[in-house]
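For reference, final.txt is printed below; it contains compact mmCIF, C-alpha atoms.
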# COMPACT_ATOMS: atom_id res chain seq x y z
CA MET U 179 0.00 0.00 0.00
CA LYS U 180 1.20 3.45 -0.80
CA LEU U 181 -0.26 6.46 0.91
CA LYS U 182 -2.45 8.40 -1.50
CA LYS U 183 -1.06 11.61 -2.89
CA PHE U 184 -3.23 14.34 -4.29
CA GLY U 185 -3.34 14.84 -8.02
CA GLY U 186 -2.97 18.45 -9.17
CA THR U 187 -6.70 19.10 -9.44
CA GLU U 188 -7.44 17.33 -6.16
CA LYS U 189 -4.79 19.35 -4.32
CA LYS U 190 -6.10 22.60 -5.80
CA ILE U 191 -9.67 21.77 -4.75
CA TYR U 192 -8.56 20.59 -1.30
CA ASP U 193 -6.76 23.89 -0.69
CA LEU U 194 -9.79 25.89 -1.90
CA VAL U 195 -12.40 23.93 0.05
CA LYS U 196 -10.58 23.30 3.35
CA PRO U 197 -11.13 26.83 4.74
CA VAL U 198 -14.86 26.48 3.99
CA THR U 199 -15.22 23.09 5.69
CA ASP U 200 -13.08 24.24 8.64
CA ALA U 201 -15.23 27.36 9.10
CA LEU U 202 -18.37 25.20 9.08
CA GLY U 203 -16.89 22.83 11.67
CA TYR U 204 -16.21 19.84 9.43
CA PHE U 205 -13.08 17.82 8.79
CA LEU U 206 -12.24 17.61 5.08
CA TRP U 207 -11.50 13.89 4.74
CA ASP U 208 -10.74 13.55 1.04
CA VAL U 209 -11.16 15.01 -2.42
CA CYS U 210 -11.44 12.74 -5.45
CA TYR U 211 -11.61 13.85 -9.04
CA VAL U 212 -12.40 10.87 -11.27
CA LYS U 213 -13.76 10.09 -14.69
CA GLU U 214 -16.47 7.46 -14.86
CA GLY U 215 -17.67 6.74 -18.35
CA ALA U 216 -18.06 10.04 -20.15
CA MET U 217 -18.59 12.08 -16.96
CA TRP U 218 -16.13 13.66 -14.51
CA TYR U 219 -16.98 13.61 -10.79
CA LEU U 220 -15.61 15.85 -8.08
CA ARG U 221 -16.26 14.06 -4.78
CA ILE U 222 -15.65 15.84 -1.52
CA PHE U 223 -15.83 13.73 1.65
CA ILE U 224 -16.40 15.37 5.02
CA ASP U 225 -16.54 14.21 8.62
CA CYS U 226 -17.24 15.46 12.14
CA ASP U 227 -17.30 13.89 15.59
CA GLU U 228 -21.10 13.63 15.63
CA GLY U 229 -21.24 11.94 12.22
CA ILE U 230 -22.52 13.35 8.94
CA THR U 231 -26.14 13.81 7.97
CA ILE U 232 -27.70 14.80 4.67
CA GLU U 233 -28.23 18.26 6.19
CA ASP U 234 -24.48 18.53 6.81
CA CYS U 235 -23.82 17.69 3.17
CA GLU U 236 -26.34 20.34 2.09
CA ARG U 237 -24.75 22.89 4.45
CA VAL U 238 -21.36 22.34 2.80
CA THR U 239 -22.63 22.09 -0.78
CA ALA U 240 -23.93 25.65 -1.15
CA PRO U 241 -20.74 27.54 -0.16
CA VAL U 242 -18.45 25.04 -1.92
CA ASN U 243 -20.51 25.23 -5.10
CA GLU U 244 -20.43 29.04 -4.97
CA LEU U 245 -16.65 29.03 -4.40
CA LEU U 246 -16.06 26.63 -7.30
CA ASP U 247 -18.28 28.75 -9.57
CA GLU U 248 -16.31 31.89 -8.64
CA THR U 249 -12.82 30.42 -8.97
CA ASP U 250 -13.58 28.01 -11.84
CA PRO U 251 -10.57 25.74 -11.05
CA ILE U 252 -11.65 22.89 -13.34
CA PRO U 253 -11.93 23.63 -17.06
CA GLN U 254 -14.23 20.75 -18.05
CA GLN U 255 -17.75 20.00 -16.92
CA TYR U 256 -18.10 17.80 -13.81
CA MET U 257 -20.64 16.61 -11.27
CA LEU U 258 -20.08 17.83 -7.69
CA GLU U 259 -20.85 15.33 -4.93
CA ILE U 260 -20.40 16.04 -1.22
CA GLY U 261 -20.82 13.18 1.20
CA SER U 262 -19.75 11.43 4.35
CA ALA U 263 -16.41 9.68 4.49
CA GLY U 264 -18.37 6.70 5.84
CA LEU U 265 -18.28 4.69 9.03
CA GLU U 266 -15.76 2.17 7.72
CA ARG U 267 -13.77 4.62 5.63
CA GLU U 268 -10.44 3.81 4.09
CA LEU U 269 -7.37 5.47 5.56
CA LEU U 270 -5.44 6.89 2.62
CA ARG U 271 -3.36 9.81 3.82
CA GLU U 272 -0.95 10.43 6.66
CA GLU U 273 -3.43 12.74 8.38
CA HIS U 274 -6.06 9.97 8.29
CA PHE U 275 -3.77 7.73 10.31
CA GLU U 276 -3.04 10.56 12.76
CA VAL U 277 -6.74 11.31 13.29
CA CYS U 278 -7.55 7.61 13.74
CA ASP U 279 -4.69 6.84 16.12
CA GLY U 280 -6.04 4.42 18.75
CA ASP U 281 -9.10 3.44 16.68
CA LYS U 282 -9.90 -0.12 15.66
CA VAL U 283 -8.93 -0.82 12.06
CA ARG U 284 -9.27 -3.66 9.59
CA VAL U 285 -6.11 -4.33 7.64
CA ARG U 286 -6.29 -6.47 4.49
CA LEU U 287 -2.96 -7.96 3.54
CA ILE U 288 -1.68 -8.63 0.03
CA ARG U 289 -0.23 -11.94 1.15
CA SER U 290 -0.72 -13.91 4.36
CA ILE U 291 1.43 -13.16 7.37
CA ASP U 292 1.47 -15.94 9.97
CA GLY U 293 -1.56 -17.47 8.24
CA GLU U 294 -3.60 -14.25 8.41
CA LYS U 295 -4.84 -12.30 5.42
CA GLU U 296 -6.91 -9.83 7.45
CA ILE U 297 -6.21 -8.28 10.85
CA CYS U 298 -8.57 -6.32 13.11
CA ALA U 299 -6.68 -4.44 15.81
CA ASP U 300 -6.13 -0.99 17.33
CA LEU U 301 -4.01 1.40 15.32
CA VAL U 302 -1.03 2.49 17.43
CA ARG U 303 0.87 4.45 14.80
CA ALA U 304 1.68 4.58 11.12
CA ASP U 305 4.36 6.09 8.96
CA ARG U 306 5.33 5.89 5.30
CA ASN U 307 6.79 2.39 5.77
CA GLU U 308 4.79 0.49 8.39
CA LEU U 309 1.77 0.19 10.65
CA THR U 310 1.94 -0.66 14.32
CA LEU U 311 -1.16 -2.46 15.60
CA ARG U 312 -2.20 -3.55 19.10
CA ASN U 313 -4.03 -6.88 19.36
CA GLU U 314 -6.79 -7.57 21.90
CA ASP U 315 -4.26 -9.29 24.18
CA GLY U 316 -2.18 -6.09 24.30
CA THR U 317 0.67 -7.31 22.11
CA GLU U 318 1.85 -5.07 19.31
CA ARG U 319 2.78 -6.07 15.81
CA VAL U 320 4.40 -4.15 13.00
CA ILE U 321 3.16 -4.63 9.44
CA PRO U 322 5.17 -3.28 6.48
CA LEU U 323 2.95 -1.03 4.30
CA GLU U 324 4.21 -2.88 1.22
CA ASP U 325 2.28 -5.94 2.50
CA VAL U 326 -0.99 -4.00 3.00
CA ALA U 327 -3.79 -3.87 0.42
CA PHE U 328 -5.91 -1.42 2.46
CA VAL U 329 -6.63 -0.10 5.94
CA LYS U 330 -10.18 0.81 6.95
CA LEU U 331 -11.79 1.85 10.18
CA TRP U 332 -13.56 -1.15 11.65
CA PHE U 333 -16.88 -1.06 13.40
CA ASP U 334 -18.31 -4.14 15.09
CA PHE U 335 -22.00 -4.08 14.14
CA GLU U 336 -22.83 -6.94 16.53

So that I can check it, write out the structure of this file as structure tokens.
Amino acid sequence: MKLKKFGGTEKKIYDLVKPVTDALGYFLWDVCYVKEGAMWYLRIFIDCDEGITIEDCERVTAPVNELLDETDPIPQQYMLEIGSAGLERELLREEHFEVCDGDKVRVRLIRSIDGEKEICADLVRADRNELTLRNEDGTERVIPLEDVAFVKLWFDFE
């Protein structure tokens, strides 16, 4: 797994939108600019401690849409979508790992390590090379990022 880096358009949008989301009390989780079929999509994912509702997405949409109309940072036509990062969101950037330090995560491995292909444990720390996880018994294990397919927050629905 490599930590996600912003593309040029994503970085530009992130820098434009972050002051708006901060002022409204939301954490800007991610910005994705992708082409699906013939259409381009600009997806902005937000979060807050209380969770995200449809009203939160509406609250962010109006000022972000106005800002994007004023600055016109993307030359082609696109569809703007603002939504929640999701309960079991993927951790993609260094700041995601920092914010989720101590949270339970699900780590999918590219290849088995000690017979395990998936690990659910508490995130202790992460850097550009490895993850440190704490198992239920309190033991810690270090997983090289090169062996990781993805890391997501884990929520036990039971």

Spatial neighbours of stretch 232-240 of chain U, 10 Å, all atoms listed in the file, chain gap at least 3 places, as a PyMOL selection string: chain U and resi 195+198-199+202-204+222-226+229+243-245+258-262

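In this comparison, which uses all atoms listed in the file, the residue of U:Pro322, U:Gly264, U:Gly280, U:Pro251 approaching U:Thr231 most closely is U:Gly264.
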
Please work out which residues fall within 10 Å of (1.4, 12.3, 9.9), coordinates as given in the file, with only C-alpha atoms counting, and return them as a VMD selection string. chain U and resid 271 to 277 303 to 306

Closest pair table for stretch 239-285 of chain U residues within 12 Å of stretch 293-298 of chain U, all atoms listed in the file, as a Markdown table:
| residue | atom | partner | partner_atom | distance |
| --- | --- | --- | --- | --- |
| U:Asp281 | CA | U:Cys298 | CA | 10.4 |
| U:Lys282 | CA | U:Cys298 | CA | 6.8 |
| U:Val283 | CA | U:Cys298 | CA | 5.6 |
| U:Arg284 | CA | U:Cys298 | CA | 4.5 |
| U:Val285 | CA | U:Ile297 | CA | 5.1 |

Using all atoms listed in the file: which of U:Leu220, U:Ile291, U:Ala299, U:Ala263 has the shortest distance to U:Leu206: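 When distances to U:Leu206 are compared using all atoms listed in the file, the smallest one comes from U:Ala263.
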
So how many Å separate atom CA of U:Trp332 and atom CA of U:Arg267, to one decimal? 8.3 Å

Need to verify the contact set: U:Glu324, 12 Å, only C-alpha atoms, exclusion of same-chain residues closer than 3 positions in sequence. Can you return it as a list in words?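 Here the qualifying residues turn out to be Met179, Lys180, Leu181, Arg286, Leu287, Ile288, Arg289, Asp305, Arg306, Asn307, Glu308, Leu309, Val320, Ile321, Ala327 and Phe328 of chain U.
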
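Residue nearest U:Ile230 within the list U:Leu194, U:Cys278, U:Leu265, U:Val302: U:Leu265 [criterion: smallest interatomic distance, all atoms listed in the file].
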
Tell me, in Å to one decimal, how far atom CA of U:Gly186 is from atom CA of U:Asp227.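 Calculated distance between atom CA of U:Gly186 and atom CA of U:Asp227 is 29.0 Å.
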
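What separates atom CA of U:Glu268 from atom CA of U:Leu331 is a distance of 6.5 Å.
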